Amino acid sequence: MSDKETKSPAQSRRAIWLKQVRQLHLYLGTFFGPSILFFAMSGAVQLFGLHEGHPGEAYQPPAWVQKLGSIHKDQTVSEKHGPPPGFAREQKGPPETEEARRPPQPDGGRRDEERESNKFTLAMKCFFLAMAVGLVFSTLLGIYMAFKYNRSRALVCSLLLLGTAIPVALIAMMA
């Protein structure tokens, strides 16, 4: 007796359903793979604020990094994030805060809880950076597997191209 003869109709339906679910997963993953890669990489850049520059600071991000950050955060193509127009004319400088009026303290004025919070914030950012790298790697493996193990390479290639072309076209229309 072979395996086919011993399978019940319920097992056969389950196997067919599982195969269809795997195919759907492959097609959706291939179609959305380019966007997943974009959001994982642009999110990793944003973790450490590399997409934002502030007046008076030495670091000013390249325009393309600002644009990627703007697409990721706001779904727009604007390069600059800053005060609204006319803000600089209305105020002579940054508003003075309660903290700015306090005399300087030897430990930088931060409480122990704030210093501990910063350590945990950095740890969380590092974890999310590792997650972004893992997501990029996993997505690339999925795309590789889609080409390697699917019978219809033309369909996989078409879905990958469509998943790239649609967002690029929408971004181009916004610009």
# chains A, B, ... in the order shown; residues from 1 in each chain; ligands from 1
>>> select_by_dssp(residues="range 27-82 of chain A", states="alpha helix (DSSP H)", output="ChimeraX atom specification")
/A:27-47,63-74
>>> closest_residue(among="A:Gln11, A:Thr6, A:Ser35, A:Gln20", to="Thr164 in chain A", atoms="only C-alpha atoms")
A:Ser35
>>> atom_distance(atom1="CA of Lys148 in chain A", atom2="CA of Leu135 in chain A")
19.5 Å
>>> residues_around(residues="Gly163 in chain A", least_positions_apart="3", cutoff="8 Å", atoms="only C-alpha atoms", output="short mmCIF file (atom, residue, chain, number, x, y, z; two decimals) with N, CA and C atoms, in the first residue's frame")
data_model
loop_
_atom_site.label_atom_id
_atom_site.label_comp_id
_atom_site.auth_asym_id
_atom_site.auth_seq_id
_atom_site.Cartn_x
_atom_site.Cartn_y
_atom_site.Cartn_z
N THR A 30 6.20 37.97 -2.44
CA THR A 30 6.96 38.45 -3.59
C THR A 30 6.47 39.83 -4.02
N PHE A 31 5.15 40.03 -4.01
CA PHE A 31 4.59 41.32 -4.40
C PHE A 31 4.96 42.42 -3.41
N PHE A 32 4.85 42.14 -2.11
CA PHE A 32 5.13 43.16 -1.11
C PHE A 32 6.58 43.18 -0.66
N GLY A 33 7.40 42.26 -1.13
CA GLY A 33 8.82 42.20 -0.75
C GLY A 33 9.58 43.49 -0.94
N PRO A 34 9.46 44.15 -2.10
CA PRO A 34 10.19 45.40 -2.28
C PRO A 34 9.80 46.47 -1.25
N SER A 35 8.52 46.56 -0.93
CA SER A 35 8.08 47.54 0.07
C SER A 35 8.56 47.16 1.47
N LEU A 159 5.33 39.62 -10.35
CA LEU A 159 4.88 40.14 -9.06
C LEU A 159 5.95 41.01 -8.40
N LEU A 160 7.19 40.61 -8.52
CA LEU A 160 8.30 41.38 -7.96
C LEU A 160 8.41 42.73 -8.67
N ILE A 166 4.73 49.78 -8.76
CA ILE A 166 3.56 50.52 -8.25
C ILE A 166 3.95 51.59 -7.24
N PRO A 167 4.71 51.26 -6.17
CA PRO A 167 5.10 52.33 -5.25
C PRO A 167 5.99 53.39 -5.89
#
>>> atom_distance(atom1="CA of Leu28 in chain A", atom2="CA of Leu162 in chain A")
11.4 Å
>>> closest_residue(among="A:His25, A:Phe48, A:Val65, A:Met41", to="Cys126 in chain A", atoms="only C-alpha atoms")
A:Phe48
>>> atom_distance(atom1="CA of Thr139 in chain A", atom2="CA of Ala175 in chain A")
28.0 Å
>>> residues_around(residues="Val156 in chain A", least_positions_apart="5", cutoff="9 Å", atoms="only C-alpha atoms", output="PDB file with N, CA and C atoms, in the first residue's frame")
ATOM      1  N   LEU A  26       3.587  32.906  -0.852  1.00  0.00           N
ATOM      2  CA  LEU A  26       4.695  33.153  -1.771  1.00  0.00           C
ATOM      3  C   LEU A  26       4.379  34.349  -2.664  1.00  0.00           C
ATOM      4  N   TYR A  27       3.180  34.403  -3.219  1.00  0.00           N
ATOM      5  CA  TYR A  27       2.823  35.482  -4.133  1.00  0.00           C
ATOM      6  C   TYR A  27       2.703  36.826  -3.399  1.00  0.00           C
ATOM      7  N   THR A  30       6.202  37.968  -2.441  1.00  0.00           N
ATOM      8  CA  THR A  30       6.958  38.452  -3.593  1.00  0.00           C
ATOM      9  C   THR A  30       6.470  39.834  -4.023  1.00  0.00           C
ATOM     10  N   PHE A  31       5.153  40.031  -4.007  1.00  0.00           N
ATOM     11  CA  PHE A  31       4.587  41.319  -4.399  1.00  0.00           C
ATOM     12  C   PHE A  31       4.958  42.425  -3.409  1.00  0.00           C
ATOM     13  N   ILE A 143      12.410  35.958  -1.300  1.00  0.00           N
ATOM     14  CA  ILE A 143      12.414  36.229  -2.740  1.00  0.00           C
ATOM     15  C   ILE A 143      13.274  35.195  -3.459  1.00  0.00           C
ATOM     16  N   ALA A 146      11.317  32.049  -3.637  1.00  0.00           N
ATOM     17  CA  ALA A 146      10.223  32.152  -4.604  1.00  0.00           C
ATOM     18  C   ALA A 146      10.724  31.824  -6.003  1.00  0.00           C
ATOM     19  N   PHE A 147      11.913  32.305  -6.342  1.00  0.00           N
ATOM     20  CA  PHE A 147      12.470  31.982  -7.655  1.00  0.00           C
ATOM     21  C   PHE A 147      12.957  30.542  -7.719  1.00  0.00           C
ATOM     22  N   ASN A 150       9.513  27.829  -7.062  1.00  0.00           N
ATOM     23  CA  ASN A 150       8.220  27.981  -7.709  1.00  0.00           C
ATOM     24  C   ASN A 150       8.343  27.583  -9.177  1.00  0.00           C
ATOM     25  N   LEU A 161       8.303  42.720  -9.988  1.00  0.00           N
ATOM     26  CA  LEU A 161       8.371  43.971 -10.750  1.00  0.00           C
ATOM     27  C   LEU A 161       7.180  44.877 -10.438  1.00  0.00           C
TER      28      LEU A 161
END
